[in-house]
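Structure below is upload_21.cif: mmCIF, C-alpha atoms.
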```cif
data_work
#
loop_
_atom_site.label_atom_id
_atom_site.label_comp_id
_atom_site.auth_asym_id
_atom_site.auth_seq_id
_atom_site.Cartn_x
_atom_site.Cartn_y
_atom_site.Cartn_z
CA MET A 1338 87.58 -113.17 -40.46
CA SER A 1339 86.27 -110.39 -38.23
CA ASP A 1340 84.07 -107.68 -39.57
CA LYS A 1341 85.24 -104.15 -39.15
CA GLY A 1342 82.00 -102.42 -39.72
CA GLY A 1343 82.41 -100.17 -36.72
CA LYS A 1344 81.09 -97.03 -38.33
CA GLY A 1345 78.98 -98.06 -41.22
CA GLY A 1346 76.66 -100.85 -42.14
CA LYS A 1347 79.16 -102.48 -44.42
CA SER A 1348 82.25 -104.35 -43.47
CA ALA A 1349 85.50 -102.70 -44.43
CA LEU A 1350 87.08 -106.02 -45.37
CA LYS A 1351 85.18 -108.36 -47.58
CA SER A 1352 86.11 -111.96 -47.55
CA PRO A 1353 85.23 -114.12 -50.54
CA GLY A 1354 82.60 -115.79 -48.43
CA TYR A 1355 80.53 -112.63 -48.13
CA LYS A 1356 79.83 -112.03 -51.80
CA GLY A 1357 78.80 -108.45 -51.21
CA LYS A 1358 76.29 -109.33 -48.58
CA ASP A 1359 75.20 -106.19 -46.94
CA ASP A 1360 74.71 -106.88 -43.29
CA ASN A 1361 73.13 -104.25 -41.17
CA SER A 1362 74.38 -105.60 -37.90
CA ALA A 1363 77.99 -106.40 -37.38
CA LYS A 1364 79.26 -108.43 -34.48
CA LEU A 1365 82.64 -107.55 -33.13
CA LYS A 1366 84.46 -109.53 -30.54
CA GLY A 1367 82.78 -108.89 -27.22
CA ARG A 1368 80.66 -106.07 -28.61
CA LYS A 1369 77.34 -105.87 -30.36
CA VAL A 1370 76.86 -102.93 -32.68
CA GLN A 1371 73.43 -102.31 -34.09
CA PHE A 1372 72.56 -100.01 -36.92
CA ASP A 1373 69.16 -98.82 -37.86
CA SER A 1374 68.27 -99.98 -41.31
CA GLU A 1375 66.15 -96.94 -42.00
CA ASP A 1376 67.50 -93.49 -42.60
CA LEU A 1377 67.73 -91.08 -39.72
CA TYR A 1378 64.17 -89.87 -39.91
CA ASP A 1379 61.57 -90.80 -37.40
CA ASP A 1380 58.27 -91.44 -39.07
CA LYS A 1381 56.46 -90.02 -36.04
CA PHE A 1382 58.56 -87.02 -35.18
CA ASP A 1383 60.12 -84.96 -37.88
CA THR A 1384 63.28 -83.52 -36.44
CA ASN A 1385 66.49 -82.06 -37.68
CA GLY A 1386 68.51 -83.62 -34.95
CA ASN A 1387 70.60 -86.17 -36.82
CA GLY A 1388 74.25 -85.52 -36.97
CA LYS A 1389 74.50 -85.62 -40.74
CA SER A 1390 71.75 -83.40 -42.01
CA ASN A 1391 73.71 -80.30 -42.87
CA GLY A 1392 77.15 -81.03 -41.68
CA LYS A 1393 77.37 -77.80 -39.73
CA ASP A 1394 78.95 -77.94 -36.38
CA ASP A 1395 79.97 -74.35 -35.87
CA THR A 1396 78.36 -73.69 -32.52
CA SER A 1397 77.28 -76.19 -30.00
CA PHE A 1398 73.62 -77.03 -29.94
CA ALA A 1399 73.20 -75.95 -26.37
CA LYS A 1400 75.49 -73.37 -24.91
CA GLY A 1401 74.29 -73.00 -21.40
CA GLY A 1402 72.98 -76.50 -21.12
CA LYS A 1403 74.44 -79.41 -22.95
CA GLY A 1404 72.69 -82.39 -24.44
CA ASP A 1405 73.52 -85.64 -22.83
CA LYS A 1406 76.64 -86.97 -24.47
CA GLY A 1407 77.52 -89.91 -22.31
CA GLY A 1408 76.32 -93.44 -22.25
CA LYS A 1409 75.70 -93.93 -25.91
CA ALA A 1410 78.87 -95.69 -26.87
CA GLY A 1411 77.06 -98.68 -28.20
CA LYS A 1412 75.05 -96.81 -30.79
CA GLY A 1413 77.18 -95.89 -33.74
CA SER A 1414 77.59 -92.15 -34.16
CA ALA A 1415 75.98 -91.20 -30.85
CA LYS A 1416 78.96 -89.15 -29.75
CA LYS A 1417 78.23 -86.48 -32.32
CA GLU A 1418 76.47 -83.44 -30.92
CA PRO A 1419 73.38 -82.50 -32.84
CA PRO A 1420 73.87 -79.55 -35.17
CA PRO A 1421 72.15 -76.31 -34.18
CA LEU A 1422 68.53 -76.22 -35.27
CA LEU A 1423 68.06 -73.66 -38.00
CA LEU A 1424 64.82 -71.91 -38.73
CA LYS A 1425 63.92 -72.60 -42.35
CA VAL A 1426 60.56 -71.04 -42.90
CA GLU A 1427 60.91 -69.98 -46.50
CA GLN A 1428 61.93 -73.42 -47.68
CA GLU A 1429 58.85 -75.13 -46.35
CA LEU A 1430 56.07 -72.78 -47.31
CA PRO A 1431 54.84 -71.65 -50.73
CA GLU A 1432 56.20 -68.38 -52.08
CA ASN A 1433 52.94 -66.52 -51.61
CA ALA A 1434 53.04 -67.06 -47.85
CA LYS A 1435 53.66 -63.90 -45.89
CA CYS A 1436 55.12 -64.30 -42.45
CA LEU A 1437 53.08 -62.37 -39.88
CA MET A 1438 54.32 -61.04 -36.60
CA ASP A 1439 52.09 -61.89 -33.68
CA CYS A 1440 51.11 -58.23 -33.31
CA GLU A 1441 49.96 -58.13 -36.94
CA ALA A 1442 48.07 -61.40 -36.57
CA ALA A 1443 46.39 -60.05 -33.43
CA GLN A 1444 45.14 -57.04 -35.37
CA ILE A 1445 43.74 -59.19 -38.18
CA LEU A 1446 42.14 -61.74 -35.91
CA GLN A 1447 40.55 -59.10 -33.70
CA GLY A 1448 38.93 -57.61 -36.75
CA ILE A 1449 37.64 -61.01 -37.77
CA GLN A 1450 36.35 -61.64 -34.26
CA GLU A 1451 34.07 -58.65 -34.51
CA HIS A 1452 32.56 -60.10 -37.66
CA MET A 1453 32.31 -63.48 -36.02
CA VAL A 1454 30.10 -62.03 -33.32
CA LEU A 1455 27.54 -61.42 -36.06
CA LEU A 1456 28.14 -64.77 -37.70
CA SER A 1457 27.78 -66.63 -34.44
CA LYS A 1458 24.10 -65.73 -34.40
CA ASP A 1459 23.75 -68.17 -37.25
CA PRO A 1460 23.42 -71.52 -35.49
CA THR A 1461 24.91 -73.41 -38.42
CA ILE A 1462 28.23 -71.58 -38.09
CA LYS A 1463 30.52 -72.68 -35.30
CA ILE A 1464 33.57 -70.69 -34.38
CA PRO A 1465 36.46 -73.15 -34.15
CA SER A 1466 38.25 -73.35 -30.83
CA SER A 1467 41.56 -72.97 -32.64
CA PHE A 1468 40.53 -69.41 -33.51
CA ASP A 1469 40.08 -68.38 -29.89
CA ARG A 1470 43.34 -70.00 -28.88
CA ALA A 1471 45.17 -68.41 -31.78
CA LEU A 1472 43.75 -64.99 -30.93
CA GLN A 1473 44.71 -65.36 -27.29
CA TYR A 1474 48.21 -66.39 -28.31
CA ALA A 1475 48.54 -63.50 -30.76
CA ASN A 1476 47.41 -61.01 -28.12
CA ARG A 1477 49.97 -62.36 -25.71
CA GLY A 1478 52.67 -61.93 -28.33
CA ASN A 1479 51.50 -58.41 -29.16
CA HIS A 1480 54.44 -56.48 -27.76
CA TYR A 1481 54.24 -53.31 -29.80
CA THR A 1482 51.93 -50.31 -29.86
CA ASN A 1483 52.17 -50.04 -33.63
CA PRO A 1484 52.67 -53.25 -35.62
CA HIS A 1485 53.17 -51.36 -38.85
CA SER A 1486 56.07 -49.35 -37.43
CA ALA A 1487 57.60 -52.49 -35.93
CA ARG A 1488 57.42 -54.14 -39.35
CA GLN A 1489 59.13 -51.15 -40.97
CA VAL A 1490 61.98 -51.24 -38.47
CA LEU A 1491 62.58 -54.92 -39.08
CA GLU A 1492 62.18 -54.71 -42.85
CA SER A 1493 65.23 -52.44 -42.91
CA LEU A 1494 67.28 -55.46 -41.80
CA LYS A 1495 66.38 -57.44 -44.91
CA ASP A 1496 69.24 -55.76 -46.76
CA GLN A 1497 71.59 -57.37 -44.27
CA GLY A 1498 70.24 -60.80 -45.12
CA LEU A 1499 67.68 -61.24 -42.37
CA SER A 1500 64.96 -63.67 -43.35
CA ASP A 1501 61.24 -63.19 -42.71
CA GLY A 1502 61.26 -65.98 -40.17
CA GLU A 1503 64.11 -64.40 -38.22
CA MET A 1504 62.36 -61.04 -38.28
CA CYS A 1505 59.20 -62.53 -36.88
CA VAL A 1506 61.03 -64.36 -34.11
CA ILE A 1507 62.71 -61.10 -33.09
CA ALA A 1508 59.34 -59.35 -32.97
CA ASN A 1509 57.41 -62.17 -31.35
CA THR A 1510 59.85 -62.78 -28.53
CA ALA A 1511 60.58 -59.05 -27.95
CA ILE A 1512 64.31 -59.68 -28.07
CA GLU A 1513 66.19 -56.97 -26.20
CA SER A 1514 69.82 -57.42 -27.09
CA VAL A 1515 72.00 -58.53 -29.95
CA GLY A 1516 73.48 -61.30 -27.82
CA GLU A 1517 70.03 -62.66 -27.13
CA ALA A 1518 69.20 -62.65 -30.83
CA PHE A 1519 72.37 -64.53 -31.72
CA GLY A 1520 71.87 -66.94 -28.86
CA LEU A 1521 68.35 -67.81 -29.91
CA MET A 1522 68.95 -68.03 -33.65
CA PRO A 1523 72.12 -69.74 -34.84
CA SER A 1524 71.22 -68.80 -38.41
CA LEU A 1525 71.46 -65.14 -37.42
CA LYS A 1526 74.77 -65.68 -35.73
CA ALA A 1527 76.17 -66.96 -39.00
CA LYS A 1528 75.63 -63.44 -40.40
CA LYS A 1529 76.97 -61.72 -37.31
CA SER A 1530 79.54 -59.47 -38.89
CA LYS A 1531 77.04 -58.10 -41.35
CA VAL A 1532 74.04 -57.80 -39.14
CA LYS A 1533 75.31 -56.86 -35.68
CA GLU A 1534 75.21 -53.08 -35.82
CA PRO A 1535 72.02 -52.71 -37.88
CA LEU A 1536 70.35 -55.19 -35.54
CA ARG A 1537 71.45 -53.22 -32.51
CA SER A 1538 69.91 -50.05 -33.97
CA ALA A 1539 66.72 -51.88 -34.90
CA LEU A 1540 66.34 -53.29 -31.40
CA THR A 1541 66.76 -49.81 -29.94
CA GLU A 1542 63.97 -48.57 -32.21
CA LEU A 1543 61.76 -51.51 -31.33
CA GLU A 1544 62.26 -50.83 -27.63
CA LYS A 1545 60.62 -47.44 -28.12
CA LEU A 1546 57.63 -49.08 -29.75
CA LYS A 1547 57.01 -51.59 -26.99
CA ASN A 1548 53.91 -51.60 -24.86
CA VAL A 1549 54.51 -50.36 -21.32
CA THR A 1550 53.82 -53.76 -19.74
CA GLU A 1551 56.43 -55.43 -21.93
CA SER A 1552 59.27 -53.41 -20.50
CA ASN A 1553 58.63 -55.05 -17.13
CA LYS A 1554 58.95 -58.59 -18.39
CA LYS A 1555 62.35 -60.27 -18.34
CA ALA A 1556 63.23 -63.75 -19.44
CA ILE A 1557 64.71 -65.78 -16.64
CA VAL A 1558 67.84 -67.36 -18.02
CA LEU A 1559 68.65 -70.81 -16.81
CA ASP A 1560 72.28 -71.70 -17.04
CA MET B 71 54.31 -68.56 -36.32
CA PHE B 72 51.43 -66.95 -38.19
CA PHE B 73 51.28 -66.65 -41.96
CA HIS B 74 48.98 -65.02 -44.44
CA ILE B 75 48.63 -67.32 -47.37
CA VAL B 76 46.54 -68.00 -50.47
CA LEU B 77 45.18 -71.51 -50.75
CA GLU B 78 42.95 -73.22 -53.24
CA ARG B 79 40.23 -75.76 -52.68
CA ASN B 80 37.67 -77.50 -54.85
CA MET B 81 34.26 -77.01 -53.28
CA GLN B 82 31.38 -79.25 -54.15
CA LEU B 83 27.90 -77.85 -54.00
CA HIS B 84 24.58 -79.62 -54.34
CA PRO B 85 22.25 -78.10 -56.95
CA ARG B 86 19.70 -77.27 -54.26
CA HIS B 87 21.96 -74.42 -53.17
CA PHE B 88 21.97 -72.80 -56.57
CA GLY B 89 20.35 -69.45 -56.78
CA ARG B 90 21.26 -65.87 -56.18
CA ASP B 91 22.97 -66.75 -52.86
CA LEU B 92 25.24 -69.27 -54.53
CA ARG B 93 28.46 -67.41 -53.74
CA GLU B 94 27.51 -66.81 -50.10
CA LYS B 95 26.68 -70.47 -49.68
CA LEU B 96 29.96 -71.45 -51.26
CA VAL B 97 31.90 -69.16 -48.91
CA SER B 98 29.94 -70.34 -45.92
CA LYS B 99 30.66 -73.96 -46.79
CA LEU B 100 34.31 -73.13 -47.30
CA MET B 101 34.53 -71.61 -43.84
CA LYS B 102 32.87 -74.62 -42.25
CA ASP B 103 35.07 -77.07 -44.12
CA VAL B 104 38.40 -75.34 -43.71
CA GLU B 105 38.58 -73.19 -40.59
CA GLY B 106 40.02 -75.10 -37.68
CA THR B 107 41.58 -77.83 -39.83
CA CYS B 108 45.26 -78.46 -40.01
CA SER B 109 47.74 -79.92 -42.43
CA GLY B 110 51.41 -80.70 -42.30
CA ARG B 111 52.29 -78.16 -44.95
CA HIS B 112 50.29 -75.14 -43.84
CA GLY B 113 49.52 -75.80 -40.22
CA PHE B 114 46.24 -74.71 -38.66
CA VAL B 115 43.88 -72.65 -40.76
CA VAL B 116 42.89 -70.11 -38.16
CA ALA B 117 40.61 -67.86 -40.17
CA ILE B 118 39.70 -67.08 -43.75
CA THR B 119 40.31 -63.42 -44.50
CA GLY B 120 38.99 -63.17 -48.02
CA ILE B 121 38.04 -64.85 -51.28
CA GLU B 122 40.35 -64.19 -54.20
CA ASN B 123 38.56 -66.00 -56.93
CA VAL B 124 35.74 -68.44 -57.52
CA GLY B 125 36.26 -70.37 -60.73
CA LYS B 126 33.70 -71.81 -63.09
CA GLY B 127 31.70 -74.72 -61.77
CA LEU B 128 31.99 -78.13 -63.36
CA ILE B 129 29.18 -80.65 -63.13
CA ARG B 130 30.40 -84.01 -61.92
CA ASP B 131 29.27 -86.96 -63.96
CA GLY B 132 26.80 -89.21 -62.28
CA THR B 133 26.11 -87.10 -59.20
CA GLY B 134 24.92 -83.69 -60.30
CA PHE B 135 27.17 -81.97 -57.78
CA VAL B 136 29.10 -79.03 -59.10
CA THR B 137 32.75 -78.45 -58.28
CA PHE B 138 33.99 -74.89 -57.92
CA PRO B 139 37.69 -74.12 -57.60
CA VAL B 140 37.97 -71.45 -54.90
CA LYS B 141 41.07 -69.41 -54.14
CA TYR B 142 41.00 -67.88 -50.70
CA GLN B 143 43.24 -65.95 -48.35
CA CYS B 144 43.65 -67.12 -44.80
CA VAL B 145 45.68 -66.80 -41.65
CA VAL B 146 47.43 -70.02 -40.73
CA PHE B 147 49.49 -70.96 -37.72
CA ARG B 148 52.30 -73.38 -38.12
CA PRO B 149 55.20 -74.21 -35.83
CA PHE B 150 58.67 -74.76 -37.26
CA LYS B 151 61.67 -76.62 -35.99
CA GLY B 152 64.10 -74.07 -34.66
CA GLU B 153 61.36 -71.54 -33.92
CA ILE B 154 61.40 -69.74 -30.60
CA LEU B 155 58.03 -69.03 -29.09
CA GLU B 156 56.34 -68.27 -25.83
CA ALA B 157 53.88 -70.81 -24.50
CA VAL B 158 51.71 -71.29 -21.44
CA VAL B 159 52.22 -74.41 -19.32
CA THR B 160 49.08 -76.51 -19.14
CA MET B 161 50.25 -79.58 -17.29
CA VAL B 162 53.31 -80.73 -15.37
CA ASN B 163 54.25 -84.31 -14.59
CA LYS B 164 57.37 -86.28 -13.87
CA MET B 165 57.98 -86.90 -17.57
CA GLY B 166 58.08 -83.18 -18.31
CA PHE B 167 55.50 -80.53 -18.99
CA PHE B 168 52.94 -79.66 -21.64
CA ALA B 169 52.52 -76.14 -22.92
CA GLU B 170 50.21 -74.49 -25.36
CA ALA B 171 51.02 -71.91 -28.03
CA GLY B 172 47.84 -71.02 -29.85
CA PRO B 173 46.25 -74.18 -31.18
CA VAL B 174 49.49 -76.15 -30.90
CA GLN B 175 50.49 -78.44 -28.05
CA ILE B 176 54.14 -78.66 -27.09
CA PHE B 177 55.79 -81.17 -24.83
CA VAL B 178 59.07 -80.47 -23.09
CA SER B 179 60.49 -83.66 -21.77
CA ASN B 180 62.42 -84.24 -18.64
CA HIS B 181 64.25 -86.97 -20.40
CA VAL B 182 63.80 -87.90 -24.00
CA SER B 183 65.39 -90.61 -25.98
CA PHE B 184 64.86 -90.57 -29.69
CA ARG B 185 65.91 -93.91 -31.01
CA LEU B 186 66.71 -92.62 -34.42
CA LEU B 187 68.50 -89.55 -33.15
CA LYS B 188 70.85 -91.90 -31.38
CA PHE B 189 71.42 -89.69 -28.44
CA HIS B 190 69.54 -88.71 -25.36
CA LEU B 191 68.35 -85.21 -24.93
CA LEU B 192 67.66 -83.50 -21.70
CA LEU B 193 65.29 -80.73 -22.56
CA ILE B 194 64.80 -79.32 -19.10
CA PRO B 195 67.90 -77.97 -17.33
CA ASP B 196 69.73 -80.41 -15.07
CA ASP B 197 69.25 -78.35 -11.96
CA MET B 198 65.46 -78.41 -12.14
CA GLU B 199 63.74 -81.19 -10.28
CA PHE B 200 60.19 -82.40 -10.36
CA GLN B 201 58.16 -81.65 -7.25
CA SER B 202 54.93 -83.60 -6.94
CA GLY B 203 51.92 -82.44 -4.97
CA ASP B 204 48.74 -80.46 -5.48
CA MET B 205 50.57 -78.18 -7.87
CA PRO B 206 53.28 -80.31 -9.52
CA ASN B 207 56.18 -78.24 -10.76
CA TYR B 208 59.82 -78.17 -11.74
CA THR B 209 61.94 -76.06 -9.42
CA THR B 210 65.60 -75.17 -9.33
CA SER B 211 67.63 -76.29 -6.36
CA ASP B 212 67.61 -72.78 -4.87
CA GLY B 213 63.89 -72.38 -5.45
CA SER B 214 64.37 -69.26 -7.55
CA VAL B 215 62.75 -70.59 -10.71
CA LYS B 216 59.61 -72.64 -10.88
CA ILE B 217 57.68 -74.09 -13.80
CA GLN B 218 54.08 -74.89 -12.99
CA LYS B 219 50.65 -74.73 -14.58
CA ASP B 220 49.98 -71.34 -16.18
CA SER B 221 53.64 -70.32 -16.13
CA GLU B 222 54.77 -68.63 -19.33
CA VAL B 223 57.88 -70.15 -20.83
CA ARG B 224 60.02 -69.33 -23.81
CA LEU B 225 60.99 -72.50 -25.62
CA LYS B 226 62.45 -73.72 -28.87
CA ILE B 227 60.66 -76.20 -31.10
CA ILE B 228 62.86 -79.18 -31.92
CA GLY B 229 60.36 -81.58 -33.46
CA THR B 230 56.88 -81.58 -34.93
CA ARG B 231 54.23 -84.16 -35.69
CA VAL B 232 51.03 -83.64 -37.61
CA ASP B 233 47.96 -85.79 -37.63
CA ALA B 234 44.49 -85.22 -39.04
CA THR B 235 43.34 -82.80 -36.41
CA GLU B 236 46.30 -81.32 -34.62
CA ILE B 237 49.95 -80.49 -34.58
CA PHE B 238 52.07 -81.69 -31.73
CA CYS B 239 55.56 -80.47 -30.98
CA ILE B 240 58.54 -81.29 -28.85
CA GLY B 241 60.32 -78.34 -27.34
CA THR B 242 63.31 -77.52 -25.19
CA ILE B 243 64.05 -74.85 -22.62
CA LYS B 244 67.62 -75.90 -22.11
CA ASP B 245 69.37 -73.47 -24.44
CA ASP B 246 70.49 -69.96 -23.64
CA PHE B 247 67.77 -67.34 -23.19
CA LEU B 248 65.06 -69.95 -22.82
CA GLY B 249 63.03 -70.65 -19.75
CA VAL B 250 60.37 -69.13 -17.54
CA ILE B 251 59.16 -65.67 -18.50
CA SER B 252 56.54 -65.12 -15.90
CA ASP B 253 54.77 -66.97 -13.14
CA PRO B 254 51.05 -67.62 -13.00
CA GLY B 255 49.04 -64.60 -12.00
CA THR B 256 51.54 -62.08 -13.29
CA THR B 257 50.61 -62.46 -16.97
CA SER B 258 48.76 -59.57 -18.59
#
```
Hey, can you dump this file as structure tokens for me?
Amino acid sequence: MSDKGGKGGKSALKSPGYKGKDDNSAKLKGRKVQFDSEDLYDDKFDTNGNGKSNGKDDTSFAKGGKGDKGGKAGKGSAKKEPPPLLLKVEQELPENAKCLMDCEAAQILQGIQEHMVLLSKDPTIKIPSSFDRALQYANRGNHYTNPHSARQVLESLKDQGLSDGEMCVIANTAIESVGEAFGLMPSLKAKKSKVKEPLRSALTELEKLKNVTESNKKAIVLD
Amino acid sequence: MFFHIVLERNMQLHPRHFGRDLREKLVSKLMKDVEGTCSGRHGFVVAITGIENVGKGLIRDGTGFVTFPVKYQCVVFRPFKGEILEAVVTMVNKMGFFAEAGPVQIFVSNHVSFRLLKFHLLLIPDDMEFQSGDMPNYTTSDGSVKIQKDSEVRLKIIGTRVDATEIFCIGTIKDDFLGVISDPGTTS
């Protein structure tokens, strides 16, 4: 009796001899099919890349560049393209967490740095290296002359269903067009009909708030 | 991405610190214990911005130490899967390149195979090839785009790992609107 467990860990036909034995590896004629006994979560890397996590397959994971699809015939469901990665900030942080744009974080951290200059005279207090790196990163992501105004522009999009995480990505990456926003955030694209025009207006407003040097930077798109 | 968050911690203080500077000593100890640490849930604690509340101290049996519950506000930095951010390349090799975004290290692989993802991912575009030499880099076939040390790249986080002292991420530049932003020397 051949096992027909081509897609799952259990054989489709159970002969009396099996007695419900759950075999994780099924041998077919001329082909070895192996299944991982664990669930699809890597204990080292936490990813959302398994094909079954949310069942969404609306847009392809990579538009311009595609993930490698070939050569995985021997590994169960390898032909499935990974679902688009969605940004889920609110679900993973406590409710009291407030998402900060890089420009806002830069303002806060710069203020703290001035205090730290005084504190650093105390030899028992060491300024962690992560602070300097975070400040440098925040300054690099500081695209706007007035963080408060930038926040107000983006807050107006909350009525259209924009999440805090999406707002911060828009601000931090200085997105210039609606197409870019939808391309970078599949979760935003899902709300396209509702959010397109308000987003376009918001981006126009944000453009006026940008620092002069930012207007000279362009992302180089690799197709 | 940065967050402003309220956290709570039980601080233990030895009786020798008791006195009129008790609160300052408690805050100072909190800063030393917490700033620069990281956790899977909150990410890196970059800086404490304020103390919300210091609760009543409880003497621990047998030791004499006193435990104070302290609520504090802080700025944390935590990467998320699906997040788009701009990072600076720190090292390039034939396996891919490393980049840094704040306190977080990100690796973008030339070729990655996640056993449990059951497919292979190419996270650097197909038309970019590794060039070894004094300044190793990835360059497109026409030479128009180059990724080397100190290049700024926009990438998407696709995986994260946390250990006791740091957060490490896997990223990709293969999707639309990702890639090199600026070359070394042109950053502000």
Q: Apply the PyMOL selection byres ((chain A and resi 1537) around 12) to the file shown and report the selected residues as a list in words.
A: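 That selection, the PyMOL selection byres ((chain A and resi 1537) around 12), comes back as Val1490, Leu1491, Leu1494, Ile1507, Ile1512, Glu1513, Ser1514, Val1515, Gly1516, Glu1517, Ala1518, Phe1519, Lys1529, Lys1531, Val1532, Lys1533, Glu1534, Pro1535, Leu1536, Ser1538, Ala1539, Leu1540, Thr1541, Glu1542, Leu1543 and Glu1544 of chain A.
Ranking B:Thr137, B:Asn80, B:Thr230, B:Thr209 by their shortest atom-to-atom distance to chain A, with only C-alpha atoms included, puts B:Thr230 first.
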Q | Selection result for the PyMOL selection byres ((chain B and resi 252) around 6) on this file, as number ranges by chain | A | B: 221-222, 250-251, 253
(Q) Could you tell me, as JSON, numbers by chain, exactly which residues end up selected when the PyMOL selection byres ((chain B) within 8 of (chain A)) is applied to this structure? (A) {"B": [71, 72, 73, 74, 75, 76, 102, 105, 106, 111, 112, 114, 116, 117, 119, 145, 147, 150, 151, 152, 153, 154, 155, 156, 171, 172, 173, 186, 187, 188, 189, 190, 191, 192, 193, 195, 196, 215, 224, 228, 229, 230, 231, 244, 245, 246, 247, 248, 249, 250, 251, 252, 258]}
Q) In Å to one decimal, how far is CA of Gln1428 (chain A) from CA of Gly241 (chain B)? A)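 It comes out at 21.0 Å.
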Q | Long-range neighbours of Val178 (chain B) as a ChimeraX atom specification, 12 Å cut-off, all atoms listed in the file, 4 positions minimum in chain | A | /B:157-170,182,191-195,208,217,223-229,238-244,249
Q | Shell of 12 Å around Arg130 (chain B), only C-alpha atoms, local chain residues under 3 positions omitted, as a list in words | A |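 So, after excluding close chain neighbours, the residues are Met81, Gln82, Leu83, His84, Pro85, Gly127, Thr133, Gly134, Phe135, Val136, Thr137 and Phe138 of chain B.
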Q | For CA of Val124 (chain B) and CA of Arg93 (chain B), the interatomic separation in Å (one decimal) | A | 8.3 Å
Just add N, CA, C and O atoms to region 1484-1495 of chain A and send it as an mmCIF file, in the coordinates of the input.
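See rebuild_6.cif below for the written result:
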```
data_model
loop_
_atom_site.group_PDB
_atom_site.id
_atom_site.type_symbol
_atom_site.label_atom_id
_atom_site.label_comp_id
_atom_site.auth_asym_id
_atom_site.auth_seq_id
_atom_site.Cartn_x
_atom_site.Cartn_y
_atom_site.Cartn_z
ATOM 1 N N PRO A 1484 52.074 -52.158 -34.853
ATOM 2 C CA PRO A 1484 52.670 -53.250 -35.620
ATOM 3 C C PRO A 1484 53.288 -52.789 -36.947
ATOM 4 O O PRO A 1484 54.320 -53.318 -37.367
ATOM 5 N N HIS A 1485 52.672 -51.825 -37.552
ATOM 6 C CA HIS A 1485 53.170 -51.360 -38.850
ATOM 7 C C HIS A 1485 54.566 -50.756 -38.708
ATOM 8 O O HIS A 1485 55.468 -51.032 -39.505
ATOM 9 N N SER A 1486 54.756 -49.963 -37.675
ATOM 10 C CA SER A 1486 56.070 -49.350 -37.430
ATOM 11 C C SER A 1486 57.100 -50.415 -37.079
ATOM 12 O O SER A 1486 58.249 -50.352 -37.525
ATOM 13 N N ALA A 1487 56.673 -51.397 -36.294
ATOM 14 C CA ALA A 1487 57.600 -52.490 -35.930
ATOM 15 C C ALA A 1487 58.033 -53.223 -37.190
ATOM 16 O O ALA A 1487 59.207 -53.570 -37.358
ATOM 17 N N ARG A 1488 57.096 -53.452 -38.093
ATOM 18 C CA ARG A 1488 57.420 -54.140 -39.350
ATOM 19 C C ARG A 1488 58.431 -53.326 -40.165
ATOM 20 O O ARG A 1488 59.383 -53.857 -40.714
ATOM 21 N N GLN A 1489 58.212 -52.012 -40.202
ATOM 22 C CA GLN A 1489 59.130 -51.150 -40.970
ATOM 23 C C GLN A 1489 60.543 -51.185 -40.418
ATOM 24 O O GLN A 1489 61.515 -51.232 -41.173
ATOM 25 N N VAL A 1490 60.644 -51.191 -39.101
ATOM 26 C CA VAL A 1490 61.980 -51.240 -38.470
ATOM 27 C C VAL A 1490 62.687 -52.538 -38.856
ATOM 28 O O VAL A 1490 63.860 -52.545 -39.222
ATOM 29 N N LEU A 1491 61.954 -53.632 -38.806
ATOM 30 C CA LEU A 1491 62.580 -54.920 -39.080
ATOM 31 C C LEU A 1491 62.827 -55.129 -40.571
ATOM 32 O O LEU A 1491 63.787 -55.806 -40.959
ATOM 33 N N GLU A 1492 61.986 -54.567 -41.398
ATOM 34 C CA GLU A 1492 62.180 -54.710 -42.850
ATOM 35 C C GLU A 1492 63.513 -54.094 -43.276
ATOM 36 O O GLU A 1492 64.121 -54.551 -44.250
ATOM 37 N N SER A 1493 63.960 -53.093 -42.543
ATOM 38 C CA SER A 1493 65.230 -52.440 -42.910
ATOM 39 C C SER A 1493 66.404 -53.403 -42.751
ATOM 40 O O SER A 1493 67.479 -53.170 -43.298
ATOM 41 N N LEU A 1494 66.197 -54.485 -42.007
ATOM 42 C CA LEU A 1494 67.280 -55.460 -41.800
ATOM 43 C C LEU A 1494 67.346 -56.490 -42.927
ATOM 44 O O LEU A 1494 68.272 -57.305 -42.975
ATOM 45 N N LYS A 1495 66.383 -56.459 -43.819
ATOM 46 C CA LYS A 1495 66.380 -57.440 -44.910
ATOM 47 C C LYS A 1495 67.608 -57.260 -45.805
ATOM 48 O O LYS A 1495 68.131 -58.227 -46.362
#
```
